[in-house]
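Have a look at the structure below before the remarks.
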Amino acid sequence: MEIKISDGIVRRVKGGTDAPMTGLAIQARTIANFLPLTCQRAGASIVHNTDANYTGIRFETTAGAVVLEMPTGDRPYRLIHQLPEPDALGRTEVEMRRFPQIYKPRGVAHITAEFLTSRGFLK
C-alpha cells in the first residue's frame, strides 16, 4: 500500500494511476520488494510525504510507527521512531539510525530489517 501526505492531508495512492514515478518512489518500491516477511507483516507501506520532503517506508511495529526516510539530495537514510505523543522535550520523533546512500536496495532492506528485528521492534 502507498500513501501520500500533502498539506497535512493523508491520501491513499491508487496503483498505477496516482503513484509518483520519481526516482525515490521507484527506489522505495524496490526496497520494499526486498524486505523479509517479518517487515511485510508489520504493515510496511510506502509514504510520499511532500510536507516533510521525503519518501519512505513506514512500519507499524509493536512499539509504534517506524519510518525509513529516504530524503532528497545527498542526505543519509534515517530510521525514525515516531512517538504517539510528544515526550517531555516536545519531540515527536526519535532518530534511531542513519546510514549513507551507498547501499543498493537489497542492502538497505537488509540493514533495516536487521535493525528492527535486533532491537525488538519486530517479532
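Labels used: A, B, ... for chains in the order of the C-alpha cells, numbers from 1 for residues in each chain, and numbers from 1 for ligands as shown.
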
**Request:** Would you please give, as an NGL selection string, all residues of chain A that DSSP assigns to helix (DSSP H, G or I) based on the backbone?
**Result:** :A and (15-18 or 23-34 or 37-41 or 105-118)

Only C-alpha atoms, please: the residues just picked out, written as an mmCIF file, in the first residue's frame.
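Saved as again_30.cif:
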```cif
data_model
loop_
_atom_site.group_PDB
_atom_site.id
_atom_site.type_symbol
_atom_site.label_atom_id
_atom_site.label_comp_id
_atom_site.auth_asym_id
_atom_site.auth_seq_id
_atom_site.Cartn_x
_atom_site.Cartn_y
_atom_site.Cartn_z
ATOM 1 C CA GLY A 15 -1.786 1.527 -8.062
ATOM 2 C CA GLY A 16 -0.522 2.815 -11.383
ATOM 3 C CA THR A 17 -2.702 5.899 -11.748
ATOM 4 C CA ASP A 18 -1.791 8.206 -8.853
ATOM 5 C CA GLY A 23 13.473 8.155 -8.560
ATOM 6 C CA LEU A 24 12.878 7.933 -4.821
ATOM 7 C CA ALA A 25 9.419 6.422 -5.273
ATOM 8 C CA ILE A 26 10.815 3.727 -7.550
ATOM 9 C CA GLN A 27 13.663 3.097 -5.113
ATOM 10 C CA ALA A 28 11.208 2.790 -2.192
ATOM 11 C CA ARG A 29 9.187 0.214 -4.121
ATOM 12 C CA THR A 30 12.356 -1.718 -4.957
ATOM 13 C CA ILE A 31 13.499 -1.740 -1.310
ATOM 14 C CA ALA A 32 10.010 -2.818 -0.197
ATOM 15 C CA ASN A 33 10.181 -5.790 -2.566
ATOM 16 C CA PHE A 34 13.380 -6.998 -0.843
ATOM 17 C CA LEU A 37 8.242 -11.351 5.551
ATOM 18 C CA THR A 38 8.539 -10.036 9.138
ATOM 19 C CA CYS A 39 8.682 -6.474 7.823
ATOM 20 C CA GLN A 40 5.803 -7.036 5.440
ATOM 21 C CA ARG A 41 3.711 -8.416 8.303
ATOM 22 C CA PRO A 105 18.152 -1.578 -2.385
ATOM 23 C CA ARG A 106 18.777 -5.134 -1.178
ATOM 24 C CA GLY A 107 21.350 -3.843 1.334
ATOM 25 C CA VAL A 108 19.040 -1.101 2.600
ATOM 26 C CA ALA A 109 16.256 -3.663 3.103
ATOM 27 C CA HIS A 110 18.656 -5.969 4.971
ATOM 28 C CA ILE A 111 20.032 -3.202 7.237
ATOM 29 C CA THR A 112 16.510 -2.003 8.048
ATOM 30 C CA ALA A 113 15.121 -5.473 8.785
ATOM 31 C CA GLU A 114 18.103 -6.494 10.927
ATOM 32 C CA PHE A 115 17.971 -3.275 12.938
ATOM 33 C CA LEU A 116 14.236 -3.556 13.622
ATOM 34 C CA THR A 117 14.475 -7.239 14.491
ATOM 35 C CA SER A 118 17.548 -6.933 16.739
#
```

**Message:** Give me the residues near Arg98 (chain A) as a list of chain:residue names, where near means some atom within 10 Å (using only C-alpha atoms) and where sequence neighbours in that chain fewer than 3 positions away do not count.
**Reply:**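 That gives A:Leu68, A:Glu69, A:Arg75, A:Pro76, A:Tyr77, A:Arg78, A:Leu79, A:Ile80, A:Glu95, A:Gln101.
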
**Request:** Extract the full set of strand (DSSP E or B) residues from region 28-116 of chain A according to DSSP on the backbone, and format it as a ChimeraX atom specification.
**Result:** /A:45-49,54-61,64-71,77-82,93-99

**Item:** Point-to-point distance in Å for CA of Pro100 (chain A) and CA of Gln82 (chain A)
**Value:**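 Spanning CA of Gln82 (chain A) to CA of Pro100 (chain A) is a straight-line distance of 20.9 Å.
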
**Item:** Which residue of A:Ile102, A:Thr72, A:Ala65, A:Pro86 approaches Thr22 (chain A) most closely, using only C-alpha atoms
**Value:**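 Of all the options, A:Thr72 lies closest to Thr22 (chain A).
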